[in-house]
Every structure is written in C-alpha cells, then in structure tokens.
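Colleague: To be precise about what I am sending: the file is called input-v2.tsv and holds TSV, C-alpha atoms.
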chain	number	residue	atom	x	y	z
A	1	MET	CA	10.02	-21.63	-17.05
A	2	ALA	CA	10.25	-21.93	-13.30
A	3	GLY	CA	13.43	-23.93	-13.56
A	4	ALA	CA	15.13	-21.09	-15.36
A	5	VAL	CA	14.84	-18.89	-12.30
A	6	GLU	CA	17.19	-19.38	-9.40
A	7	GLU	CA	15.92	-20.98	-6.20
A	8	VAL	CA	14.72	-18.48	-3.63
A	9	LYS	CA	16.36	-18.73	-0.24
A	10	PRO	CA	15.09	-16.68	2.71
A	11	ALA	CA	18.51	-15.19	3.32
A	12	VAL	CA	18.59	-13.57	-0.09
A	13	ALA	CA	14.92	-13.30	-0.85
A	14	GLN	CA	14.08	-9.99	0.74
A	15	THR	CA	13.05	-7.29	-1.67
A	16	ALA	CA	15.17	-4.42	-2.96
A	17	SER	CA	15.85	-1.72	-0.37
A	18	ARG	CA	14.07	0.87	-2.49
A	19	ASN	CA	10.88	-1.13	-1.96
A	20	GLU	CA	11.20	-0.57	1.78
A	21	CYS	CA	10.26	2.29	4.06
A	22	GLY	CA	10.84	1.26	7.67
A	23	ARG	CA	8.70	-1.84	8.17
A	24	GLY	CA	6.62	-1.07	5.08
A	25	ILE	CA	7.39	-2.95	1.89
A	26	ALA	CA	6.04	-2.30	-1.59
A	27	LEU	CA	5.23	-5.16	-3.93
A	28	THR	CA	4.45	-4.44	-7.59
A	29	ILE	CA	3.44	-7.35	-9.79
A	30	LEU	CA	2.24	-7.43	-13.40
A	31	ASN	CA	1.06	-10.68	-14.95
A	32	PRO	CA	-0.20	-11.13	-18.53
A	33	ILE	CA	-3.77	-12.41	-18.66
A	34	LYS	CA	-4.35	-15.38	-20.93
A	35	PRO	CA	-6.07	-14.26	-24.15
A	36	GLY	CA	-9.85	-14.32	-23.84
A	37	TRP	CA	-9.83	-14.56	-20.05
A	38	THR	CA	-9.90	-10.87	-19.09
A	39	ARG	CA	-13.65	-10.88	-18.57
A	40	MET	CA	-13.41	-13.89	-16.27
A	41	VAL	CA	-10.61	-12.26	-14.25
A	42	ARG	CA	-12.68	-9.09	-14.02
A	43	LEU	CA	-15.73	-11.08	-12.93
A	44	ASN	CA	-13.76	-12.87	-10.22
A	45	LEU	CA	-12.46	-9.56	-8.91
A	46	LEU	CA	-15.98	-8.14	-9.04
A	47	ILE	CA	-17.24	-11.03	-6.96
A	48	GLY	CA	-14.53	-10.28	-4.41
A	49	ARG	CA	-15.65	-6.67	-4.37
A	50	HIS	CA	-19.28	-7.47	-3.67
A	51	PHE	CA	-18.63	-10.34	-1.27
A	52	PRO	CA	-15.93	-8.99	1.03
A	53	ALA	CA	-16.05	-12.19	3.07
A	54	ILE	CA	-13.89	-13.68	0.33
A	55	LEU	CA	-11.09	-11.40	1.51
A	56	TRP	CA	-11.48	-12.20	5.20
A	57	GLY	CA	-8.60	-14.63	4.81
A	58	LEU	CA	-6.38	-11.67	4.04
A	59	ARG	CA	-7.24	-10.16	7.41
A	60	LYS	CA	-5.95	-13.34	8.98
A	61	LEU	CA	-2.62	-12.67	7.30
A	62	SER	CA	-2.49	-9.49	9.38
A	63	PHE	CA	0.58	-8.10	7.72
A	64	ILE	CA	-1.01	-6.39	4.75
A	65	HIS	CA	-1.84	-2.71	5.16
A	66	PHE	CA	-3.33	-2.15	1.72
A	67	ALA	CA	-3.52	-4.20	-1.47
A	68	ARG	CA	-5.22	-3.79	-4.81
A	69	TRP	CA	-5.78	-5.57	-8.09
A	70	CYS	CA	-6.20	-3.67	-11.36
A	71	ILE	CA	-6.71	-4.82	-14.91
A	72	ILE	CA	-4.71	-2.91	-17.50
A	73	ASP	CA	-6.59	-3.42	-20.73
A	74	ARG	CA	-5.74	0.00	-22.14
A	75	VAL	CA	-2.66	2.09	-21.64
A	76	PRO	CA	-3.51	5.79	-21.18
A	77	TYR	CA	-2.50	7.76	-24.26
A	78	ASN	CA	-1.40	11.39	-24.16
A	79	GLY	CA	-0.56	12.07	-27.79
A	80	PRO	CA	2.88	12.33	-29.47
A	81	PRO	CA	5.67	11.71	-28.76
A	82	GLN	CA	4.02	8.82	-26.93
A	83	VAL	CA	3.50	5.93	-29.31
A	84	GLU	CA	0.20	4.10	-28.91
A	85	GLU	CA	0.67	0.66	-27.45
A	86	ASP	CA	-0.42	-2.52	-29.17
A	87	LEU	CA	0.04	-5.07	-26.45
A	88	ARG	CA	-0.38	-8.77	-27.03
A	89	TYR	CA	-2.01	-9.24	-23.60
A	90	ASP	CA	-4.08	-7.46	-21.00
A	91	TYR	CA	-2.33	-7.33	-17.63
A	92	LEU	CA	-3.32	-8.01	-14.05
A	93	MET	CA	-1.51	-5.60	-11.74
A	94	PHE	CA	-1.20	-6.35	-8.03
A	95	LEU	CA	0.11	-3.70	-5.65
A	96	SER	CA	0.61	-4.40	-1.98
A	97	ASN	CA	1.96	-2.60	1.07
A	98	TYR	CA	2.96	-5.13	3.69
A	99	ASN	CA	5.42	-5.77	6.48
A	100	GLY	CA	7.54	-8.78	7.32
A	101	TYR	CA	9.58	-11.05	5.14
A	102	TRP	CA	8.89	-11.49	1.49
A	103	VAL	CA	9.16	-15.27	1.56
A	104	GLN	CA	6.79	-15.52	4.52
A	105	TYR	CA	4.40	-13.21	2.70
A	106	VAL	CA	4.14	-15.48	-0.33
A	107	ASP	CA	3.98	-18.59	1.87
A	108	ALA	CA	1.16	-17.14	3.94
A	109	PHE	CA	-0.74	-16.07	0.86
A	110	SER	CA	-0.44	-19.54	-0.60
A	111	HIS	CA	-1.55	-21.29	2.56
A	112	VAL	CA	-4.25	-18.97	3.88
A	113	VAL	CA	-6.03	-17.90	0.70
A	114	PRO	CA	-5.08	-20.52	-1.94
A	115	LYS	CA	-8.53	-20.66	-3.56
A	116	GLN	CA	-8.73	-16.89	-3.80
A	117	MET	CA	-5.27	-16.84	-5.38
A	118	ASP	CA	-6.33	-19.43	-7.93
A	119	LEU	CA	-9.46	-17.40	-8.73
A	120	VAL	CA	-7.55	-14.15	-9.18
A	121	TRP	CA	-4.30	-15.30	-10.79
A	122	GLY	CA	-5.36	-18.65	-12.24
A	123	ASN	CA	-6.00	-17.19	-15.67
A	124	THR	CA	-2.72	-15.31	-15.91
A	125	TYR	CA	0.57	-16.54	-17.28
A	126	GLY	CA	3.29	-17.31	-14.81
A	127	TYR	CA	0.97	-18.37	-12.01
A	128	PRO	CA	1.48	-22.01	-11.01
A	129	ARG	CA	-2.15	-22.85	-10.19
A	130	GLY	CA	-2.54	-25.15	-7.23
A	131	ALA	CA	1.23	-25.53	-6.88
A	132	PRO	CA	3.16	-25.29	-3.65
A	133	SER	CA	4.47	-21.85	-2.90
A	134	GLY	CA	8.01	-22.57	-4.17
A	135	PRO	CA	7.26	-22.09	-7.88
A	136	LEU	CA	5.09	-19.09	-7.04
A	137	LYS	CA	7.95	-17.51	-5.12
A	138	ARG	CA	10.24	-17.86	-8.11
A	139	VAL	CA	7.73	-16.18	-10.39
A	140	ILE	CA	6.91	-13.34	-8.02
A	141	ARG	CA	10.57	-12.86	-7.21
A	142	LYS	CA	11.36	-12.46	-10.88
A	143	VAL	CA	8.58	-9.93	-11.45
A	144	ASP	CA	9.11	-8.05	-8.18
A	145	SER	CA	12.80	-7.59	-8.91
A	146	GLU	CA	11.90	-5.90	-12.19
A	147	TYR	CA	9.47	-3.36	-10.76
A	148	VAL	CA	11.44	-1.76	-7.98
A	149	ALA	CA	10.09	1.51	-6.65
A	150	SER	CA	12.23	4.56	-7.38
A	151	HIS	CA	10.59	6.19	-4.38
A	152	TYR	CA	8.48	4.55	-1.70
A	153	TYR	CA	6.76	6.25	1.21
A	154	SER	CA	4.95	5.15	4.35
A	155	ALA	CA	3.37	7.67	6.72
A	156	TYR	CA	3.98	5.33	9.68
A	157	PRO	CA	7.10	3.38	8.79
A	158	GLU	CA	7.62	2.12	12.32
A	159	ALA	CA	4.25	0.38	12.45
A	160	SER	CA	3.23	-3.03	11.21
A	161	ALA	CA	-0.34	-3.57	10.04
A	162	THR	CA	-1.02	-5.46	13.28
A	163	MET	CA	0.30	-2.54	15.32
A	164	VAL	CA	-2.02	-0.13	13.51
A	165	GLN	CA	-5.05	-2.35	14.03
A	166	SER	CA	-4.13	-2.83	17.70
A	167	ALA	CA	-3.60	0.89	18.19
A	168	LEU	CA	-6.99	1.70	16.68
A	169	GLU	CA	-8.75	-0.82	18.93
A	170	LEU	CA	-6.77	0.43	21.92
A	171	LYS	CA	-7.83	3.99	21.12
A	172	ARG	CA	-11.49	2.94	21.03
A	173	ARG	CA	-11.20	1.22	24.40
A	174	PHE	CA	-9.20	4.07	25.89
A	175	ASP	CA	-11.93	6.51	24.88
A	176	GLU	CA	-14.38	4.37	26.86
A	177	PHE	CA	-11.96	4.20	29.78
A	178	GLN	CA	-11.65	7.97	29.82
A	179	GLU	CA	-15.42	8.29	30.03
A	180	ALA	CA	-15.31	6.65	33.46
A	181	PRO	CA	-16.24	8.98	36.31
A	182	ALA	CA	-13.51	11.47	37.07
A	183	GLY	CA	-12.33	12.28	40.56
A	184	LEU	CA	-11.40	8.78	41.66
A	185	GLU	CA	-9.18	8.49	44.69
A	186	PRO	CA	-5.60	7.46	43.79
A	187	GLU	CA	-6.00	3.87	44.98
A	188	ALA	CA	-9.27	3.42	43.07
A	189	PHE	CA	-7.68	5.00	40.01
A	190	ARG	CA	-4.74	2.62	40.16
A	191	GLU	CA	-7.11	-0.35	40.32
A	192	SER	CA	-9.12	1.00	37.42
A	193	PHE	CA	-6.00	1.65	35.34
A	194	ALA	CA	-4.61	-1.79	36.15
A	195	ARG	CA	-7.88	-3.37	34.97
A	196	PHE	CA	-7.72	-1.36	31.75
A	197	VAL	CA	-4.13	-2.46	31.09
A	198	THR	CA	-5.01	-6.08	31.79
A	199	ASP	CA	-8.06	-5.96	29.55
A	200	THR	CA	-6.16	-4.36	26.67
A	201	GLN	CA	-2.74	-5.97	27.01
A	202	GLN	CA	-3.16	-7.83	23.72
A	203	TYR	CA	-3.23	-4.44	21.99
A	204	LEU	CA	-0.21	-2.98	23.78
B	1	MET	CA	-17.30	-0.86	-2.94
B	2	LYS	CA	-17.43	2.36	-4.92
B	3	LYS	CA	-14.89	2.62	-7.66
B	4	ASN	CA	-11.38	2.96	-6.16
B	5	VAL	CA	-12.88	3.49	-2.72
B	6	LEU	CA	-12.87	1.21	0.30
B	7	GLY	CA	-14.24	2.64	3.52
B	8	ARG	CA	-12.65	6.06	3.81
B	9	SER	CA	-9.61	5.10	1.76
B	10	TYR	CA	-9.11	6.05	-1.87
B	11	PHE	CA	-6.80	3.96	-4.04
B	12	PHE	CA	-5.30	6.17	-6.74
B	13	CYS	CA	-3.02	4.94	-9.50
B	14	SER	CA	-1.82	6.58	-12.69
B	15	LEU	CA	0.30	5.35	-15.57
B	16	THR	CA	1.98	8.09	-17.60
B	17	ALA	CA	4.29	7.73	-20.57
B	18	ILE	CA	7.80	9.08	-19.99
B	19	LEU	CA	9.17	11.43	-22.61
B	20	PRO	CA	11.64	9.62	-24.90
B	21	GLY	CA	15.18	9.70	-23.48
B	22	ARG	CA	14.13	11.08	-20.11
B	23	GLU	CA	13.81	7.83	-18.14
B	24	GLN	CA	17.24	7.96	-16.49
B	25	GLU	CA	16.89	11.61	-15.51
B	26	LEU	CA	13.49	10.88	-13.97
B	27	ARG	CA	14.84	7.82	-12.17
B	28	ASP	CA	17.76	9.84	-10.79
B	29	TYR	CA	15.42	12.53	-9.55
B	30	LEU	CA	13.00	10.10	-7.89
B	31	GLU	CA	15.84	8.23	-6.23
B	32	SER	CA	17.28	11.50	-4.93
B	33	LEU	CA	14.08	12.48	-3.14
B	34	PRO	CA	14.36	12.39	0.64
B	35	VAL	CA	12.60	9.43	2.20
B	36	GLY	CA	10.52	8.80	5.33
B	37	GLY	CA	9.09	11.88	6.98
B	38	GLU	CA	11.02	14.12	4.60
B	39	SER	CA	9.40	12.63	1.52
B	40	PRO	CA	7.36	15.17	-0.43
B	41	LEU	CA	4.43	12.76	-0.10
B	42	ALA	CA	4.53	13.38	3.66
B	43	ARG	CA	3.62	17.03	3.03
B	44	VAL	CA	0.42	16.06	1.26
B	45	GLY	CA	-0.93	15.01	4.65
B	46	VAL	CA	-3.42	12.37	3.53
B	47	VAL	CA	-1.10	9.73	2.04
B	48	HIS	CA	-0.79	6.45	3.95
B	49	PHE	CA	1.50	4.77	1.42
B	50	GLY	CA	2.83	5.90	-1.94
B	51	ARG	CA	5.21	4.77	-4.65
B	52	TRP	CA	6.65	5.77	-7.98
B	53	VAL	CA	7.81	2.88	-10.14
B	54	ILE	CA	9.38	3.19	-13.58
B	55	ILE	CA	8.18	0.47	-15.91
B	56	SER	CA	10.64	0.09	-18.74
B	57	ARG	CA	9.57	-3.32	-19.98
B	58	LEU	CA	7.14	-6.12	-19.35
B	59	VAL	CA	8.63	-9.17	-17.69
B	60	TYR	CA	8.59	-12.24	-19.89
B	61	LEU	CA	7.54	-15.25	-17.84
B	62	GLY	CA	8.37	-17.86	-20.46
B	63	PRO	CA	6.24	-20.15	-22.63
B	64	PRO	CA	3.39	-20.65	-23.30
B	65	SER	CA	3.21	-16.85	-23.17
B	66	GLU	CA	5.12	-14.77	-25.67
B	67	PRO	CA	7.20	-11.68	-25.08
B	68	ASP	CA	5.27	-8.43	-25.05
B	69	ASP	CA	7.03	-5.20	-25.89
B	70	LEU	CA	6.30	-1.70	-24.67
B	71	ARG	CA	6.70	1.16	-27.13
B	72	ASN	CA	7.19	3.70	-24.35
B	73	GLU	CA	8.50	3.68	-20.82
B	74	TYR	CA	5.99	4.48	-18.08
B	75	LEU	CA	5.80	6.05	-14.67
B	76	LEU	CA	3.48	4.25	-12.28
B	77	PHE	CA	2.25	6.35	-9.36
B	78	ALA	CA	0.18	4.58	-6.74
B	79	VAL	CA	-1.05	5.89	-3.40
B	80	GLU	CA	-3.50	4.91	-0.68
B	81	VAL	CA	-4.99	8.15	0.65
B	82	ASP	CA	-7.83	9.55	2.69
B	83	GLY	CA	-10.57	10.24	0.16
B	84	PRO	CA	-12.08	11.78	-1.84
B	85	LEU	CA	-9.92	11.98	-4.96
B	86	GLU	CA	-10.57	15.68	-5.61
B	87	GLY	CA	-9.26	16.63	-2.19
B	88	PHE	CA	-6.15	14.52	-2.61
B	89	LEU	CA	-5.36	15.97	-6.03
B	90	ASP	CA	-5.80	19.49	-4.64
B	91	LEU	CA	-3.40	18.77	-1.79
B	92	LEU	CA	-0.93	17.13	-4.15
B	93	ARG	CA	-0.99	20.22	-6.34
B	94	GLU	CA	-0.81	22.71	-3.49
B	95	ARG	CA	1.66	21.05	-1.13
B	96	MET	CA	4.16	19.44	-3.49
B	97	ALA	CA	3.78	21.45	-6.66
B	98	GLU	CA	7.52	21.74	-7.25
B	99	GLU	CA	8.14	18.00	-6.98
B	100	ALA	CA	5.01	17.20	-9.00
B	101	ASP	CA	6.28	19.40	-11.82
B	102	LEU	CA	9.75	17.87	-11.64
B	103	VAL	CA	8.35	14.33	-11.67
B	104	TRP	CA	5.55	14.52	-14.24
B	105	GLY	CA	7.45	17.15	-16.21
B	106	HIS	CA	9.35	14.14	-17.58
B	107	CYS	CA	6.09	12.66	-18.86
B	108	VAL	CA	4.20	13.18	-22.11
B	109	GLY	CA	1.46	15.79	-22.02
B	110	TYR	CA	1.94	17.02	-18.45
B	111	PRO	CA	0.36	20.47	-18.24
B	112	GLY	CA	2.07	21.61	-15.01
B	113	SER	CA	0.52	22.23	-11.62
B	114	GLY	CA	-0.35	25.87	-12.28
B	115	ASP	CA	-3.89	25.29	-13.40
B	116	ARG	CA	-6.10	23.17	-11.15
B	117	SER	CA	-8.43	21.81	-13.80
B	118	THR	CA	-5.73	20.71	-16.27
B	119	PHE	CA	-3.67	19.17	-13.46
B	120	HIS	CA	-6.69	17.16	-12.27
B	121	ARG	CA	-7.65	16.23	-15.82
B	122	TYR	CA	-4.15	14.96	-16.60
B	123	LEU	CA	-3.94	12.62	-13.63
B	124	ARG	CA	-7.53	11.44	-14.02
B	125	HIS	CA	-7.02	10.78	-17.72
B	126	ASN	CA	-4.07	8.54	-16.85
B	127	GLN	CA	-5.79	6.82	-13.94
B	128	ILE	CA	-5.92	3.04	-13.72
B	129	ASP	CA	-9.05	1.94	-11.90
B	130	VAL	CA	-9.00	-0.60	-9.12
B	131	GLN	CA	-11.02	-3.77	-9.61
B	132	LEU	CA	-10.57	-5.07	-6.08
B	133	ALA	CA	-9.03	-3.48	-3.01
B	134	PHE	CA	-8.12	-4.64	0.45
B	135	ALA	CA	-7.41	-2.49	3.50
B	136	ALA	CA	-6.65	-3.74	7.00
B	137	TYR	CA	-8.19	-0.61	8.52
B	138	PRO	CA	-10.35	0.98	5.81
B	139	GLU	CA	-12.31	3.27	8.13
B	140	ALA	CA	-9.28	4.96	9.70
B	141	THR	CA	-7.99	8.21	8.28
B	142	LEU	CA	-4.30	9.07	8.43
B	143	PRO	CA	-4.70	11.47	11.40
B	144	GLU	CA	-6.64	8.77	13.24
B	145	VAL	CA	-3.95	6.18	12.59
B	146	LEU	CA	-1.19	8.53	13.72
B	147	GLU	CA	-3.13	9.54	16.82
B	148	ALA	CA	-3.83	5.91	17.73
B	149	LEU	CA	-0.18	4.92	17.28
B	150	ASP	CA	0.92	7.85	19.43
B	151	LEU	CA	-1.63	6.95	22.11
B	152	ARG	CA	-0.46	3.34	22.09
B	153	ARG	CA	3.15	4.44	22.53
B	154	ARG	CA	2.26	6.70	25.47
B	155	LEU	CA	0.10	4.04	27.11
B	156	ILE	CA	2.90	1.49	26.86
B	157	GLU	CA	5.29	3.98	28.45
B	158	LEU	CA	2.87	4.67	31.29
B	159	ALA	CA	2.08	0.99	31.83
B	160	VAL	CA	5.81	0.31	32.22
B	161	ARG	CA	6.33	3.29	34.53
B	162	ALA	CA	3.26	2.38	36.59
B	163	GLN	CA	5.11	-0.52	38.17
B	164	ASP	CA	7.40	1.94	39.98
B	165	LEU	CA	4.77	4.53	40.95
B	166	ASP	CA	2.58	4.75	43.99
B	167	PRO	CA	-1.15	5.39	43.36
B	168	ALA	CA	-0.87	9.17	43.64
B	169	GLY	CA	2.20	9.21	41.39
B	170	LEU	CA	0.43	7.06	38.81
B	171	GLN	CA	-2.61	9.32	38.81
B	172	GLU	CA	-0.42	12.37	38.35
B	173	ALA	CA	1.58	10.73	35.57
B	174	TYR	CA	-1.69	9.76	33.88
B	175	ARG	CA	-2.98	13.35	34.12
B	176	GLN	CA	0.25	14.70	32.65
B	177	ALA	CA	0.17	12.20	29.83
B	178	PHE	CA	-3.49	12.29	28.88
B	179	ALA	CA	-5.44	15.06	30.57
B	180	GLY	CA	-6.40	18.09	28.55
Now that the file is in, can you turn its structure into structure tokens?
Modeller:
Amino acid sequence: MAGAVEEVKPAVAQTASRNECGRGIALTILNPIKPGWTRMVRLNLLIGRHFPAILWGLRKLSFIHFARWCIIDRVPYNGPPQVEEDLRYDYLMFLSNYNGYWVQYVDAFSHVVPKQMDLVWGNTYGYPRGAPSGPLKRVIRKVDSEYVASHYYSAYPEASATMVQSALELKRRFDEFQEAPAGLEPEAFRESFARFVTDTQQYL
Amino acid sequence: MKKNVLGRSYFFCSLTAILPGREQELRDYLESLPVGGESPLARVGVVHFGRWVIISRLVYLGPPSEPDDLRNEYLLFAVEVDGPLEGFLDLLRERMAEEADLVWGHCVGYPGSGDRSTFHRYLRHNQIDVQLAFAAYPEATLPEVLEALDLRRRLIELAVRAQDLDPAGLQEAYRQAFAG
C-alpha cells in the first residue's frame, strides 16, 4: 500500500494552503479501526486521559497548540434526506493545530512519542506500527490531502505554540516585576529592568 | 479530564450531513469567507482555532482494509474554545448568526439560529466527543493569550530601545508603555 503513494519530499510536502492560517496549520486525519479493536483504542485513549504524563512527550514537541483524538463509532443522524450510514469500520479521528513544517511534524511525532503513537494508532489500518517515519508520512500525506479545510481560523496566526507559552510565562514574571516597589530612581530602575530582561530573555 | 474539556479549554466538534447536491455550494461559500482577523469565527471572541472540513469520502488506505463508502457527504466543524460549551454556542449564535445559517443551512435538519434551544440541540446532537485531548496552554483563555502576546511584543520593543536610552529615558518609556 505504501509503495503506491509517491515519496514525500520536504520541498513538496507542506500541506494545502487552505489548511494554513499564518503559522497555524490544521491537520485532519481519519483512520479505520481494525474490526474488534475499538474498545482497545478507546481504553488506550482513556489511559492517556487519566495519566496525562503519557502526553508529556507532546509538550517536548512544542509546536502543537491543540490536538485531539475522537472515535467515530456512530455518525449523527438527522432524518431524511440523510441516509443512515452502515460503515464497515469505526474511525479514529485526529485533529491537530500546529506550526512548522509538516514533514518535521511527523518526524518529531515518530521520534519523541513512538510508543504513544503505537498505542493510539497501532490498531488502525494504514498505520505502519514501529516503522520509520517515512511510511507514516506517506500514509498521513495521503489522508491529509483528502481532508483539506474549506475554512481555517487561528486567533493568533502570527504566534507559534512556543511563542504563546513563552508569552504566558513572561506575563507571569512581568506581573511579579511590576509588584516591585515603585518610585525607584532612574539608575536603580534601569538596573532592575536590565535584570528582568536578562532573567527572562529565553521568553523574549 | 471532563468530557471534551481540558483545563479551561473546550474541544467542540460536530459532524452534520450535507443536503444532497449542496456540497459544492457549501464549499464555495466556506472558501469565500474572509480569513484571519476577518473570519466570522473571530467575532465569536472565544475561539482559539477553528475549521470547517467537507468530508466527501473515506480515504481507502489499501489492503488488508477494504473500501468504506459514505452514503452522505458531511461537514466537520471543529473548534478549540474557552469553555463552557453553552457559552460558546450562545456566542456562535449571537455573533455570527448570518454565517451560521448560511453554513449549516446546507445541512440536513438545521433549524436556524433564531431559536436558542433548537440551535443548541442541533449542534449538540451532532457532536463528536473527544476521547483524548492535548493543549500546550490549557489554562489560558483567549484574552489571556492575546494579552500575553501583546505584552511580549511591547517588552521586546522596549528591550531593544533600552540600549539607546539613558536611565531617565528608559524609565519614561517604560511608564508610557506599561503604566496605567
């Protein structure tokens, strides 16, 4: 199956422009769950929910704003003219808002949280369990190119996830800085401000 | 984690069937919406990220799986917002009623935004629950994120300017930038 999909090269592997809003990029993935394995997939996701440490690796990736996994085991029905679905499989849906390059995103996922990826996607079709990220890229590329957003929005398109986290930490430290006694003489203020900038330069 | 909630963030997602023959019209409308700060989702005021995706078919990933066919086309709507859900749905209905009607008006069973309870019921009926969510900054609301980013920008500007200012000038620039 993987061989049928063209090789992904960084130069051409970025997502469709409609999946982008400034630095923000939308990823929409749907994978069929192997018959009989939905409960196991649900259990693995439940474990992740109750033991957030499992997702700490994702924080290391630092370029994901928000991500979610959903199981679609029923398609909402609203009456005619909608026809009730009779799907062969349940589906695992993964939605992510990230920044950076698509290829790097998949690479980082594969290298930083490989066990978590196996746990979550290992019982779906199309996921090359334990494989290097190349085959995974081909699969995700194929699915991602199908589900392109018709409209995508970010409230802070100029900011990466790292910038947001830095800004929030900077704000916390600045609030403390502002609590310092007012009425400093200019020279003392300059020294105080210089110390603040030095202490927080990693967030600037 | 409460259902669909992580920290102060709510992860909403709905999947609604598109009326037969209306997919292209809906796609054209969604693609014509202004983007960035002019997006109707910006007016809602609590949306961090949002997307509409038309799902016309399920991707076949090859054997050993078999092709799976949809009998309808679907509109996926997914947003990460400041919770709770009720508040978001109210804002969605109040601040982008026209666009909501033009979008979901292409979908089966949409009751319109006129009546609060039927509007809420429709989107909740079509909601897809989250099993697992991740947020890099789950405790920060949208206003807090925007304020922090603005503060960071102003601090960087001042830190750069500070190199050319004497102590009194720096103190004055700081007061102008941050006091009051």
Colleague: Can you pull out the residues contacting segment 120-125 of chain B? Cut-off 12 Å, using all atoms listed in the file, and skip same-chain residues under 3 positions away; I want them as a count of residues only.
Modeller: 41
Colleague: For chain A, which residue among B:Arg22, B:Arg27, B:Lys3, B:Arg43 is the nearest when counting all atoms listed in the file?
Modeller: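 Checking each candidate against chain A, we get B:Arg27 as the closest.
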Colleague: Of the residues A:Arg39, A:Arg141, A:Arg23, A:Arg190, which is the one nearest to chain B, using only C-alpha atoms?
Modeller: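 Among A:Arg39, A:Arg141, A:Arg23, A:Arg190, it is A:Arg190 that comes nearest to chain B.
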Colleague: Give as a list in words each residue that has an atom at most 12 Å from (1.4, 10.7, 41.5) in the file, counting all atoms listed in the file.
Modeller: Glu185, Pro186, Glu187, Phe189 and Arg190 of chain A; Leu158, Arg161, Ala162, Asp164, Leu165, Asp166, Pro167, Ala168, Gly169, Leu170, Gln171, Glu172, Ala173, Tyr174, Arg175, Gln176 and Ala177 of chain B
Colleague: Mind dumping the selected residues with C-alpha atoms as an mmCIF file, keeping the file's coordinate frame?
Modeller:
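Heads up, here's the output in again-v4.cif:
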data_model
loop_
_atom_site.group_PDB
_atom_site.id
_atom_site.type_symbol
_atom_site.label_atom_id
_atom_site.label_comp_id
_atom_site.auth_asym_id
_atom_site.auth_seq_id
_atom_site.Cartn_x
_atom_site.Cartn_y
_atom_site.Cartn_z
ATOM 1 C CA GLU A 185 -9.180 8.490 44.690
ATOM 2 C CA PRO A 186 -5.600 7.460 43.790
ATOM 3 C CA GLU A 187 -6.000 3.870 44.980
ATOM 4 C CA PHE A 189 -7.680 5.000 40.010
ATOM 5 C CA ARG A 190 -4.740 2.620 40.160
ATOM 6 C CA LEU B 158 2.870 4.670 31.290
ATOM 7 C CA ARG B 161 6.330 3.290 34.530
ATOM 8 C CA ALA B 162 3.260 2.380 36.590
ATOM 9 C CA ASP B 164 7.400 1.940 39.980
ATOM 10 C CA LEU B 165 4.770 4.530 40.950
ATOM 11 C CA ASP B 166 2.580 4.750 43.990
ATOM 12 C CA PRO B 167 -1.150 5.390 43.360
ATOM 13 C CA ALA B 168 -0.870 9.170 43.640
ATOM 14 C CA GLY B 169 2.200 9.210 41.390
ATOM 15 C CA LEU B 170 0.430 7.060 38.810
ATOM 16 C CA GLN B 171 -2.610 9.320 38.810
ATOM 17 C CA GLU B 172 -0.420 12.370 38.350
ATOM 18 C CA ALA B 173 1.580 10.730 35.570
ATOM 19 C CA TYR B 174 -1.690 9.760 33.880
ATOM 20 C CA ARG B 175 -2.980 13.350 34.120
ATOM 21 C CA GLN B 176 0.250 14.700 32.650
ATOM 22 C CA ALA B 177 0.170 12.200 29.830
#
Colleague: Taking all atoms listed in the file into account, name the residue in B:Gln163, B:Thr141, B:Ser65, B:Gln131 that is nearest to Met93 of chain A.
Modeller: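 Smallest distance to Met93 of chain A is found for B:Gln131.
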Colleague: I'd like the neighbourhood of segment 149-152 of chain B as a compact mmCIF listing (two decimals) with C-alpha atoms, in the frame of the given file, where a residue qualifies if any of its atoms comes within 7 Å (using all atoms listed in the file), though same-chain residues fewer than 4 positions away should be ignored.
Modeller:
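Output (selection.txt):
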# COMPACT_ATOMS: atom_id res chain seq x y z
CA VAL A 164 -2.02 -0.13 13.51
CA ALA A 167 -3.60 0.89 18.19
CA LEU A 170 -6.77 0.43 21.92
CA LYS A 171 -7.83 3.99 21.12
CA LEU A 204 -0.21 -2.98 23.78
CA VAL B 145 -3.95 6.18 12.59
CA ILE B 156 2.90 1.49 26.86
Colleague: What is the distance between atom CA of Gln104 of chain A and atom CA of Ser150 of chain A, in Å to one decimal?
Modeller: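 Separation of atom CA of Gln104 of chain A and atom CA of Ser150 of chain A: 24.0 Å.
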Colleague: May I ask for the distance between atom CA of Leu168 of chain A and atom CA of Arg153 of chain B, given in Å to one decimal place?
Modeller: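 For atom CA of Leu168 of chain A relative to atom CA of Arg153 of chain B, the distance reads 12.0 Å.
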Colleague: My list of candidates is B:Val35, B:Ile54, B:Leu19, B:Ala133. Which is closest to Glu146 of chain A when distances are computed with all atoms listed in the file?
Modeller: B:Ile54
